[in-house]
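Structure file input20.tsv with TSV, C-alpha atoms (C1' of nucleotides):
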```
chain	number	residue	atom	x	y	z
A	1	MET	CA	0.00	0.00	0.00
A	2	LYS	CA	1.16	3.48	-0.77
A	3	SER	CA	2.02	5.90	2.01
A	4	PRO	CA	-0.77	8.08	3.42
A	5	ASP	CA	0.57	11.08	1.50
A	6	GLN	CA	0.69	9.18	-1.73
A	7	LEU	CA	-2.80	7.85	-1.15
A	8	VAL	CA	-4.07	11.40	-0.78
A	9	LEU	CA	-2.75	12.17	-4.24
A	10	ALA	CA	-3.99	8.90	-5.67
A	11	PHE	CA	-7.50	9.50	-4.35
A	12	ARG	CA	-7.66	13.03	-5.75
A	13	GLU	CA	-6.44	11.81	-9.11
A	14	ALA	CA	-9.14	9.20	-9.12
A	15	GLY	CA	-11.73	11.90	-8.49
A	16	LEU	CA	-12.26	10.75	-4.93
A	17	LYS	CA	-12.33	13.12	-2.02
A	18	VAL	CA	-9.83	13.10	0.78
A	19	THR	CA	-11.81	13.27	3.98
A	20	PRO	CA	-10.52	13.23	7.56
A	21	GLN	CA	-12.04	9.77	7.96
A	22	ARG	CA	-10.09	8.44	5.01
A	23	GLN	CA	-6.89	10.06	6.11
A	24	LEU	CA	-7.22	8.46	9.49
A	25	LEU	CA	-7.72	5.07	7.92
A	26	PHE	CA	-4.77	5.62	5.61
A	27	ARG	CA	-2.64	6.15	8.69
A	28	LEU	CA	-4.04	3.22	10.59
A	29	LEU	CA	-3.47	0.87	7.71
A	30	HIS	CA	0.00	2.08	6.83
A	31	ASP	CA	2.54	-0.58	7.76
A	32	ASN	CA	-0.22	-2.44	9.56
A	33	THR	CA	0.66	-6.13	9.68
A	34	ALA	CA	-2.23	-7.15	11.93
A	35	HIS	CA	-4.54	-8.13	9.05
A	36	PRO	CA	-7.44	-6.37	10.75
A	37	THR	CA	-11.10	-6.95	10.06
A	38	ALA	CA	-13.30	-3.97	9.26
A	39	GLU	CA	-14.66	-4.15	12.77
A	40	THR	CA	-11.21	-4.25	14.36
A	41	LEU	CA	-10.05	-1.30	12.34
A	42	TYR	CA	-13.20	0.57	13.26
A	43	GLU	CA	-12.57	0.04	16.95
A	44	VAL	CA	-9.15	1.58	16.65
A	45	ALA	CA	-10.36	4.40	14.44
A	46	VAL	CA	-13.25	5.36	16.68
A	47	ARG	CA	-10.83	6.08	19.51
A	48	GLU	CA	-9.15	8.80	17.47
A	49	MET	CA	-12.33	9.97	15.79
A	50	PRO	CA	-15.35	9.23	17.96
A	51	GLY	CA	-17.95	9.95	15.28
A	52	ILE	CA	-16.60	7.72	12.51
A	53	SER	CA	-18.98	5.02	11.38
A	54	LEU	CA	-18.38	1.38	10.65
A	55	ARG	CA	-20.07	1.95	7.32
A	56	THR	CA	-17.37	4.40	6.31
A	57	VAL	CA	-14.66	1.96	7.28
A	58	TYR	CA	-16.22	-0.65	5.04
A	59	GLN	CA	-16.55	1.88	2.27
A	60	THR	CA	-12.94	3.01	2.43
A	61	LEU	CA	-11.61	-0.51	2.66
A	62	THR	CA	-13.61	-1.41	-0.41
A	63	ASP	CA	-12.28	1.64	-2.24
A	64	LEU	CA	-8.70	0.83	-1.34
A	65	ALA	CA	-9.12	-2.76	-2.41
A	66	ALA	CA	-10.63	-1.65	-5.71
A	67	MET	CA	-7.60	0.55	-6.28
A	68	GLY	CA	-5.31	-2.37	-5.60
A	69	GLU	CA	-3.86	-0.75	-2.50
A	70	LEU	CA	-5.23	-3.39	-0.22
A	71	GLN	CA	-5.73	-7.10	-0.39
A	72	GLN	CA	-8.93	-8.56	0.98
A	73	ILE	CA	-8.43	-11.96	2.53
A	74	ASP	CA	-11.32	-14.33	2.99
A	75	LEU	CA	-10.41	-17.12	5.32
A	76	GLY	CA	-13.94	-18.48	5.52
A	77	GLY	CA	-16.47	-18.29	8.29
A	78	GLY	CA	-15.70	-15.04	10.04
A	79	ALA	CA	-15.06	-11.55	8.82
A	80	ALA	CA	-12.84	-10.61	5.90
A	81	ARG	CA	-9.38	-9.38	6.75
A	82	PHE	CA	-7.47	-6.62	5.03
A	83	ASP	CA	-3.81	-6.61	4.19
A	84	PRO	CA	-1.94	-3.48	3.05
A	85	ASN	CA	0.83	-5.75	1.85
A	86	VAL	CA	0.04	-6.23	-1.82
A	87	ASP	CA	3.24	-8.04	-2.69
A	88	ASP	CA	2.89	-11.56	-3.97
A	89	HIS	CA	2.57	-13.48	-0.75
A	90	HIS	CA	0.45	-15.92	1.18
A	91	HIS	CA	-0.80	-16.40	4.75
A	92	VAL	CA	-0.62	-18.50	7.90
A	93	VAL	CA	-3.55	-18.57	10.29
A	94	CYS	CA	-3.35	-19.59	13.91
A	95	ASP	CA	-6.22	-21.95	14.70
A	96	SER	CA	-6.18	-20.91	18.34
A	97	CYS	CA	-6.04	-17.14	18.36
A	98	GLY	CA	-6.92	-16.34	14.75
A	99	ASP	CA	-3.72	-14.42	14.18
A	100	VAL	CA	-2.73	-14.03	10.54
A	101	ARG	CA	0.78	-13.50	9.24
A	102	ASP	CA	2.34	-13.02	5.86
A	103	VAL	CA	4.25	-15.87	4.32
A	104	TYR	CA	6.47	-15.84	1.28
A	105	VAL	CA	6.63	-18.82	-1.00
A	106	ALA	CA	9.64	-18.79	-3.27
A	107	ASN	CA	8.82	-21.48	-5.77
A	108	ALA	CA	5.04	-21.49	-5.85
A	109	ASP	CA	5.11	-21.83	-9.63
A	110	GLU	CA	7.13	-25.01	-9.46
A	111	ILE	CA	4.42	-27.15	-7.95
A	112	SER	CA	3.10	-29.87	-10.20
A	113	VAL	CA	-0.64	-29.83	-10.43
A	114	ALA	CA	-3.10	-32.33	-11.84
A	115	GLY	CA	-6.69	-31.40	-12.63
A	116	LEU	CA	-6.27	-28.00	-14.20
A	117	ALA	CA	-6.77	-29.16	-17.78
A	118	GLY	CA	-8.59	-26.51	-19.77
A	119	PHE	CA	-8.56	-24.05	-16.89
A	120	SER	CA	-7.06	-20.63	-17.41
A	121	VAL	CA	-5.47	-20.08	-14.03
A	122	GLN	CA	-4.90	-16.52	-12.91
A	123	SER	CA	-3.73	-16.91	-9.35
A	124	ALA	CA	-3.05	-19.31	-6.53
A	125	ARG	CA	-3.62	-18.60	-2.87
A	126	ILE	CA	-1.98	-20.69	-0.20
A	127	VAL	CA	-3.21	-20.65	3.37
A	128	PHE	CA	-1.30	-22.49	6.06
A	129	SER	CA	-2.97	-23.38	9.35
A	130	GLY	CA	-1.48	-24.27	12.68
A	131	LYS	CA	-0.48	-22.77	15.98
A	132	CYS	CA	1.38	-19.51	16.26
A	133	PRO	CA	4.45	-19.37	18.52
A	134	THR	CA	2.43	-17.83	21.34
A	135	CYS	CA	-0.32	-20.45	21.21
A	136	VAL	CA	2.19	-23.27	20.94
A	137	ALA	CA	3.58	-22.07	24.26
A	138	THR	CA	0.15	-21.47	25.79
A	139	PRO	CA	-1.90	-24.62	25.11
A	140	ALA	CA	-5.36	-23.37	26.03
A	141	ALA	CA	-5.41	-19.98	24.40
A	142	PRO	CA	-9.03	-19.08	23.63
A	143	PRO	CA	-9.96	-18.39	19.99
A	144	VAL	CA	-10.57	-14.83	19.01
A	145	ARG	CA	-13.21	-15.56	16.43
A	146	LYS	CA	-16.73	-14.73	17.52
A	147	LYS	CA	-18.23	-17.68	15.74
B	1	MET	CA	-16.69	-40.28	1.89
B	2	LYS	CA	-17.92	-43.73	2.68
B	3	SER	CA	-20.70	-45.33	0.65
B	4	PRO	CA	-24.29	-44.73	1.79
B	5	ASP	CA	-24.45	-48.26	3.24
B	6	GLN	CA	-21.24	-47.79	5.16
B	7	LEU	CA	-22.44	-44.44	6.43
B	8	VAL	CA	-25.56	-46.09	7.80
B	9	LEU	CA	-23.37	-48.37	9.87
B	10	ALA	CA	-21.02	-45.59	10.87
B	11	PHE	CA	-23.88	-43.43	12.08
B	12	ARG	CA	-25.42	-46.23	14.14
B	13	GLU	CA	-22.06	-47.01	15.68
B	14	ALA	CA	-21.70	-43.37	16.63
B	15	GLY	CA	-25.06	-43.50	18.37
B	16	LEU	CA	-26.70	-41.43	15.66
B	17	LYS	CA	-29.97	-42.34	14.06
B	18	VAL	CA	-30.38	-43.19	10.43
B	19	THR	CA	-33.34	-41.22	9.19
B	20	PRO	CA	-34.79	-41.10	5.69
B	21	GLN	CA	-33.54	-37.54	5.40
B	22	ARG	CA	-30.01	-38.59	6.18
B	23	GLN	CA	-30.12	-41.54	3.85
B	24	LEU	CA	-31.25	-39.29	1.04
B	25	LEU	CA	-28.37	-36.92	1.69
B	26	PHE	CA	-25.94	-39.81	1.85
B	27	ARG	CA	-27.04	-40.78	-1.64
B	28	LEU	CA	-26.96	-37.25	-3.01
B	29	LEU	CA	-23.46	-36.68	-1.71
B	30	HIS	CA	-22.02	-40.00	-2.79
B	31	ASP	CA	-19.62	-39.48	-5.69
B	32	ASN	CA	-20.84	-35.90	-5.90
B	33	THR	CA	-18.12	-33.78	-7.47
B	34	ALA	CA	-20.19	-30.59	-7.71
B	35	HIS	CA	-18.98	-29.16	-4.40
B	36	PRO	CA	-22.53	-28.12	-3.53
B	37	THR	CA	-23.50	-25.54	-0.98
B	38	ALA	CA	-26.03	-26.48	1.70
B	39	GLU	CA	-28.65	-24.54	-0.24
B	40	THR	CA	-27.85	-26.28	-3.52
B	41	LEU	CA	-27.99	-29.68	-1.91
B	42	TYR	CA	-31.27	-28.75	-0.27
B	43	GLU	CA	-32.79	-27.81	-3.61
B	44	VAL	CA	-31.95	-31.21	-5.02
B	45	ALA	CA	-33.07	-33.03	-1.91
B	46	VAL	CA	-36.41	-31.29	-1.66
B	47	ARG	CA	-37.35	-32.64	-5.08
B	48	GLU	CA	-37.11	-36.19	-3.82
B	49	MET	CA	-38.41	-35.45	-0.35
B	50	PRO	CA	-40.69	-32.40	-0.42
B	51	GLY	CA	-40.82	-31.96	3.35
B	52	ILE	CA	-37.10	-31.93	4.11
B	53	SER	CA	-35.85	-28.75	5.69
B	54	LEU	CA	-32.78	-26.69	4.99
B	55	ARG	CA	-32.05	-26.91	8.70
B	56	THR	CA	-31.71	-30.67	8.46
B	57	VAL	CA	-29.38	-30.39	5.50
B	58	TYR	CA	-27.11	-28.10	7.49
B	59	GLN	CA	-27.29	-30.45	10.44
B	60	THR	CA	-26.36	-33.52	8.46
B	61	LEU	CA	-23.57	-31.78	6.60
B	62	THR	CA	-22.16	-30.65	9.91
B	63	ASP	CA	-22.40	-34.18	11.29
B	64	LEU	CA	-20.67	-35.66	8.26
B	65	ALA	CA	-17.92	-33.06	8.43
B	66	ALA	CA	-17.43	-33.77	12.14
B	67	MET	CA	-17.03	-37.45	11.32
B	68	GLY	CA	-14.44	-36.62	8.72
B	69	GLU	CA	-16.59	-37.92	5.90
B	70	LEU	CA	-16.90	-34.54	4.28
B	71	GLN	CA	-14.64	-31.60	3.79
B	72	GLN	CA	-16.06	-28.14	4.27
B	73	ILE	CA	-14.54	-25.60	1.92
B	74	ASP	CA	-14.69	-21.91	2.67
B	75	LEU	CA	-13.81	-19.90	-0.36
B	76	GLY	CA	-14.73	-16.59	1.20
B	77	GLY	CA	-17.71	-14.39	0.63
B	78	GLY	CA	-20.42	-16.80	-0.35
B	79	ALA	CA	-21.67	-20.01	1.17
B	80	ALA	CA	-19.49	-22.88	2.33
B	81	ARG	CA	-19.15	-25.76	-0.07
B	82	PHE	CA	-19.01	-29.41	0.79
B	83	ASP	CA	-16.73	-31.99	-0.74
B	84	PRO	CA	-17.17	-35.74	-0.18
B	85	ASN	CA	-13.64	-36.18	-1.48
B	86	VAL	CA	-11.56	-36.28	1.67
B	87	ASP	CA	-8.31	-37.24	-0.02
B	88	ASP	CA	-5.46	-34.79	0.27
B	89	HIS	CA	-6.28	-32.38	-2.49
B	90	HIS	CA	-6.88	-28.75	-3.34
B	91	HIS	CA	-9.29	-26.70	-5.46
B	92	VAL	CA	-9.73	-24.48	-8.48
B	93	VAL	CA	-12.52	-21.94	-8.60
B	94	CYS	CA	-13.91	-20.38	-11.74
B	95	ASP	CA	-14.26	-16.63	-11.24
B	96	SER	CA	-17.05	-16.48	-13.79
B	97	CYS	CA	-19.42	-19.29	-12.91
B	98	GLY	CA	-18.25	-20.22	-9.44
B	99	ASP	CA	-17.58	-23.82	-10.42
B	100	VAL	CA	-15.18	-25.68	-8.13
B	101	ARG	CA	-13.04	-28.65	-9.06
B	102	ASP	CA	-10.60	-30.86	-7.29
B	103	VAL	CA	-6.92	-30.43	-7.97
B	104	TYR	CA	-4.06	-32.64	-6.94
B	105	VAL	CA	-0.72	-31.17	-6.05
B	106	ALA	CA	2.09	-33.69	-6.13
B	107	ASN	CA	4.93	-31.86	-4.43
B	108	ALA	CA	3.14	-29.49	-2.09
B	109	ASP	CA	5.65	-30.25	0.62
B	110	GLU	CA	8.54	-29.15	-1.55
B	111	ILE	CA	7.68	-25.49	-1.59
B	112	SER	CA	10.12	-23.24	0.20
B	113	VAL	CA	8.42	-20.95	2.62
B	114	ALA	CA	9.62	-17.91	4.54
B	115	GLY	CA	7.75	-16.47	7.50
B	116	LEU	CA	6.69	-19.61	9.32
B	117	ALA	CA	9.33	-19.35	12.04
B	118	GLY	CA	7.94	-20.63	15.31
B	119	PHE	CA	4.65	-21.67	13.75
B	120	SER	CA	3.50	-25.24	14.14
B	121	VAL	CA	1.91	-25.81	10.74
B	122	GLN	CA	-0.77	-28.46	10.47
B	123	SER	CA	-2.06	-28.03	6.96
B	124	ALA	CA	-1.86	-26.03	3.79
B	125	ARG	CA	-4.74	-25.24	1.50
B	126	ILE	CA	-4.18	-24.09	-2.05
B	127	VAL	CA	-6.92	-22.43	-4.05
B	128	PHE	CA	-6.40	-21.63	-7.70
B	129	SER	CA	-8.59	-19.07	-9.44
B	130	GLY	CA	-9.26	-18.51	-13.09
B	131	LYS	CA	-11.69	-19.39	-15.83
B	132	CYS	CA	-13.05	-22.88	-16.32
B	133	PRO	CA	-12.98	-24.36	-19.82
B	134	THR	CA	-16.62	-23.45	-20.40
B	135	CYS	CA	-16.20	-19.83	-19.33
B	136	VAL	CA	-12.98	-19.47	-21.31
B	137	ALA	CA	-15.04	-20.36	-24.38
B	138	THR	CA	-18.00	-18.21	-23.39
B	139	PRO	CA	-16.59	-14.77	-22.48
B	140	ALA	CA	-19.64	-13.25	-20.83
B	141	ALA	CA	-20.81	-16.10	-18.65
B	142	PRO	CA	-22.74	-14.66	-15.70
B	143	PRO	CA	-21.50	-15.43	-12.18
B	144	VAL	CA	-23.49	-17.87	-10.12
B	145	ARG	CA	-22.79	-16.27	-6.78
B	146	LYS	CA	-25.68	-14.38	-5.31
B	147	LYS	CA	-23.48	-11.66	-3.94
C	1	DT	C1'	-46.56	-55.58	18.86
C	2	DT	C1'	-46.21	-52.17	22.11
C	3	DG	C1'	-43.67	-49.14	25.03
C	4	DT	C1'	-39.67	-46.25	26.23
C	5	DT	C1'	-36.29	-42.91	25.46
C	6	DA	C1'	-33.02	-40.23	23.44
C	7	DA	C1'	-32.05	-38.42	18.95
C	8	DT	C1'	-33.89	-35.86	15.11
C	9	DT	C1'	-36.61	-32.83	12.39
C	10	DC	C1'	-38.29	-28.47	11.43
C	11	DG	C1'	-39.62	-23.76	11.60
C	12	DC	C1'	-38.65	-19.59	13.56
C	13	DA	C1'	-35.90	-16.29	15.59
C	14	DC	C1'	-31.58	-14.55	16.08
C	15	DG	C1'	-26.48	-13.51	15.36
C	16	DA	C1'	-22.52	-12.19	12.45
C	17	DC	C1'	-21.03	-9.86	8.51
C	18	DT	C1'	-21.87	-6.88	4.72
C	19	DT	C1'	-24.31	-3.87	1.52
C	20	DG	C1'	-28.27	-0.71	-0.21
C	21	DC	C1'	-30.45	3.49	0.49
C	22	DA	C1'	-31.43	8.35	1.32
C	23	DA	C1'	-30.84	12.60	3.81
C	24	DA	C1'	-27.54	15.66	5.51
C	25	DT	C1'	-22.88	17.13	5.17
C	26	DT	C1'	-18.53	18.36	3.02
C	27	DA	C1'	-14.37	18.48	-0.17
C	28	DG	C1'	-12.76	20.51	-4.18
C	29	DT	C1'	-13.43	23.86	-7.63
C	30	DT	C1'	-15.07	28.29	-9.93
D	1	DA	C1'	-18.94	32.75	-1.32
D	2	DA	C1'	-21.30	29.57	-4.16
D	3	DC	C1'	-21.83	25.22	-6.50
D	4	DT	C1'	-21.81	20.34	-7.28
D	5	DA	C1'	-20.67	15.82	-6.88
D	6	DA	C1'	-18.72	12.81	-3.53
D	7	DT	C1'	-19.03	11.27	1.19
D	8	DT	C1'	-20.70	10.16	5.64
D	9	DT	C1'	-23.90	8.06	8.53
D	10	DG	C1'	-27.63	5.35	10.51
D	11	DC	C1'	-30.85	2.18	9.52
D	12	DA	C1'	-32.93	-1.38	7.01
D	13	DA	C1'	-32.27	-5.40	4.62
D	14	DG	C1'	-29.84	-9.53	2.69
D	15	DT	C1'	-27.04	-13.73	3.11
D	16	DC	C1'	-25.25	-17.54	5.60
D	17	DG	C1'	-25.49	-20.21	9.47
D	18	DT	C1'	-26.90	-21.66	14.33
D	19	DG	C1'	-29.77	-21.89	18.83
D	20	DC	C1'	-33.98	-23.31	20.58
D	21	DG	C1'	-38.11	-25.90	21.68
D	22	DA	C1'	-42.12	-28.66	20.46
D	23	DA	C1'	-43.49	-32.50	17.91
D	24	DT	C1'	-41.92	-36.59	15.76
D	25	DT	C1'	-39.37	-40.82	15.17
D	26	DA	C1'	-35.55	-44.36	15.11
D	27	DA	C1'	-33.62	-47.85	17.90
D	28	DC	C1'	-34.11	-51.06	21.27
D	29	DA	C1'	-36.35	-53.93	24.93
D	30	DA	C1'	-40.04	-56.45	26.92
```

Could I get this structure in the form of structure tokens?
Amino acid sequence: MKSPDQLVLAFREAGLKVTPQRQLLFRLLHDNTAHPTAETLYEVAVREMPGISLRTVYQTLTDLAAMGELQQIDLGGGAARFDPNVDDHHHVVCDSCGDVRDVYVANADEISVAGLAGFSVQSARIVFSGKCPTCVATPAAPPVRKK
Amino acid sequence: MKSPDQLVLAFREAGLKVTPQRQLLFRLLHDNTAHPTAETLYEVAVREMPGISLRTVYQTLTDLAAMGELQQIDLGGGAARFDPNVDDHHHVVCDSCGDVRDVYVANADEISVAGLAGFSVQSARIVFSGKCPTCVATPAAPPVRKK
DNA sequence: TTGTTAATTCGCACGACTTGCAAATTAGTT
DNA sequence: AACTAATTTGCAAGTCGTGCGAATTAACAA
């Protein structure tokens, strides 16, 4: 994702307005490696800007994703997560606490696949599951997911 | 997934009852490669058994998944899909029509991954996206997803 | 065959997540 | 300062799935 300043320019060039709400979200997302949900991001945002609405957070996240500045990650079940890292990468999810981290796969294109005959493949997403270092050390860590 | 007859035995052994509804679903799922959603399966089931409820379909799918006879696939956004193929395999999704197919990856364990330090990884899911053969041939095929 | 009991079915309500809508507000420009 | 289109916001609504409770039924025993 571009820096907040660059995003301001990018939004104006796209004919979009730069509001205080958006600028706040630009800041909160910049270098954010927490893979927040819309709700999570909202909770942080509302502390700095008490009036901001969850609807606006959704809206801005959608806009950023549409501009390719943000990757939306659907891990099934719960809420979508948003990743300002738009490099080619993948993810690990902790089954216990729901934590998500970026993972880099060097030779993803070297895997040999059967069953893709006739398919025009555009992308491949890899999601690893397991226990994060913290939850490995703490056996009974309660899941974060609401469901 | 086991055959319908074997599932009957497995359910009884687990202390679960074998109802006509369940037997119907056993049959509909056997050798089913369509990766149906609960809703889709319900629509087929209700034709053979007009009174069956969507609730029961969800219940039975959950039971089968808990017994390891069915794999639940969350591809984000829409409804979960169910796969009676419980072999170690992965999936391709058609962006146009939503079709899902099984894919076998031979050397999935040979990929070199960075960022998993300290993580205890249990599994890896790979989802390919693209256009299925039909949608490659028919450019403007409408998406199936309701969203 | 009849009785017993725990499991199941089913419909409805509800919960989580997300989007549609419309009125009021505001950013960016003239 | 005025204008206009974009934005914000709250609420309603939609989708997917689950909790709950009353009525039903499978499984088993006498």

Hey, which bits of chain A sit within 12 Å of chain C, and for each residue what's the closest pair of atoms and how far apart in Å (one decimal), counting all atoms listed in the file, rows by chain and increasing number, as JSON lines?
```
{"residue": "A:Arg12", "atom": "CA", "partner": "C:DG28", "partner_atom": "C1'", "distance": 9.2}
{"residue": "A:Glu13", "atom": "CA", "partner": "C:DG28", "partner_atom": "C1'", "distance": 11.8}
{"residue": "A:Gly15", "atom": "CA", "partner": "C:DG28", "partner_atom": "C1'", "distance": 9.7}
{"residue": "A:Leu16", "atom": "CA", "partner": "C:DA27", "partner_atom": "C1'", "distance": 9.3}
{"residue": "A:Lys17", "atom": "CA", "partner": "C:DA27", "partner_atom": "C1'", "distance": 6.0}
{"residue": "A:Val18", "atom": "CA", "partner": "C:DA27", "partner_atom": "C1'", "distance": 7.1}
{"residue": "A:Thr19", "atom": "CA", "partner": "C:DA27", "partner_atom": "C1'", "distance": 7.1}
{"residue": "A:Pro20", "atom": "CA", "partner": "C:DA27", "partner_atom": "C1'", "distance": 10.1}
{"residue": "A:Gln21", "atom": "CA", "partner": "C:DT26", "partner_atom": "C1'", "distance": 11.8}
{"residue": "A:Thr37", "atom": "CA", "partner": "C:DC17", "partner_atom": "C1'", "distance": 10.5}
{"residue": "A:Ala38", "atom": "CA", "partner": "C:DC17", "partner_atom": "C1'", "distance": 9.7}
{"residue": "A:Glu39", "atom": "CA", "partner": "C:DC17", "partner_atom": "C1'", "distance": 9.6}
{"residue": "A:Leu54", "atom": "CA", "partner": "C:DT18", "partner_atom": "C1'", "distance": 10.8}
{"residue": "A:Arg55", "atom": "CA", "partner": "C:DT19", "partner_atom": "C1'", "distance": 9.2}
{"residue": "A:Thr56", "atom": "CA", "partner": "C:DT19", "partner_atom": "C1'", "distance": 11.8}
{"residue": "A:Val57", "atom": "CA", "partner": "C:DT18", "partner_atom": "C1'", "distance": 11.7}
{"residue": "A:Tyr58", "atom": "CA", "partner": "C:DT18", "partner_atom": "C1'", "distance": 8.4}
{"residue": "A:Gln59", "atom": "CA", "partner": "C:DT19", "partner_atom": "C1'", "distance": 9.7}
{"residue": "A:Thr62", "atom": "CA", "partner": "C:DT19", "partner_atom": "C1'", "distance": 11.1}
{"residue": "A:Gly76", "atom": "CA", "partner": "C:DC17", "partner_atom": "C1'", "distance": 11.6}
{"residue": "A:Gly77", "atom": "CA", "partner": "C:DA16", "partner_atom": "C1'", "distance": 9.5}
{"residue": "A:Gly78", "atom": "CA", "partner": "C:DC17", "partner_atom": "C1'", "distance": 7.6}
{"residue": "A:Ala79", "atom": "CA", "partner": "C:DC17", "partner_atom": "C1'", "distance": 6.2}
{"residue": "A:Ala80", "atom": "CA", "partner": "C:DC17", "partner_atom": "C1'", "distance": 8.6}
{"residue": "A:Arg81", "atom": "CA", "partner": "C:DC17", "partner_atom": "C1'", "distance": 11.8}
{"residue": "A:Arg145", "atom": "CA", "partner": "C:DA16", "partner_atom": "C1'", "distance": 10.7}
{"residue": "A:Lys146", "atom": "CA", "partner": "C:DA16", "partner_atom": "C1'", "distance": 8.1}
{"residue": "A:Lys147", "atom": "CA", "partner": "C:DA16", "partner_atom": "C1'", "distance": 7.7}
```

*Restrict the distance test to all atoms listed in the file, flag each residue of chain A within 10 Å of chain B, and return the flagged residues as a PyMOL selection string.*
chain A and resi 72-80+89-95+101-136

Within 9 Å of chain A, which residues of chain D come that close, and what is the closest atom pair and distance in Å for each? Count only C-alpha atoms (C1' of nucleotides) and give it as CSV.
```
residue,atom,partner,partner_atom,distance
D:DA6,C1',A:Lys17,CA,6.6
D:DT7,C1',A:Lys17,CA,7.7
D:DT8,C1',A:Thr56,CA,6.7
D:DT9,C1',A:Ser53,CA,6.4
D:DG10,C1',A:Ser53,CA,8.7
```

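Computed from the coordinates, the CA of Arg47 (chain B) to CA of Leu29 (chain B) distance equals 14.9 Å.
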
Around region 63-75 of chain B, fit a box with edges along x, y and z, padding it by 6 Å on each side, then list its centre and edge lengths in Å to one decimal as AutoDock Vina command-line options.
```
--center_x -18.1 --center_y -28.9 --center_z 5.9 --size_x 20.6 --size_y 30.0 --size_z 24.5
```

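When CA of Val44 (chain B) is paired with CA of Arg27 (chain B), their separation reads 11.3 Å.
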
*asked:* Rounded to one decimal, what separation in Å do you get between CA of Thr33 (chain A) and C1' of DC16 (chain D)?
replied: 28.6 Å
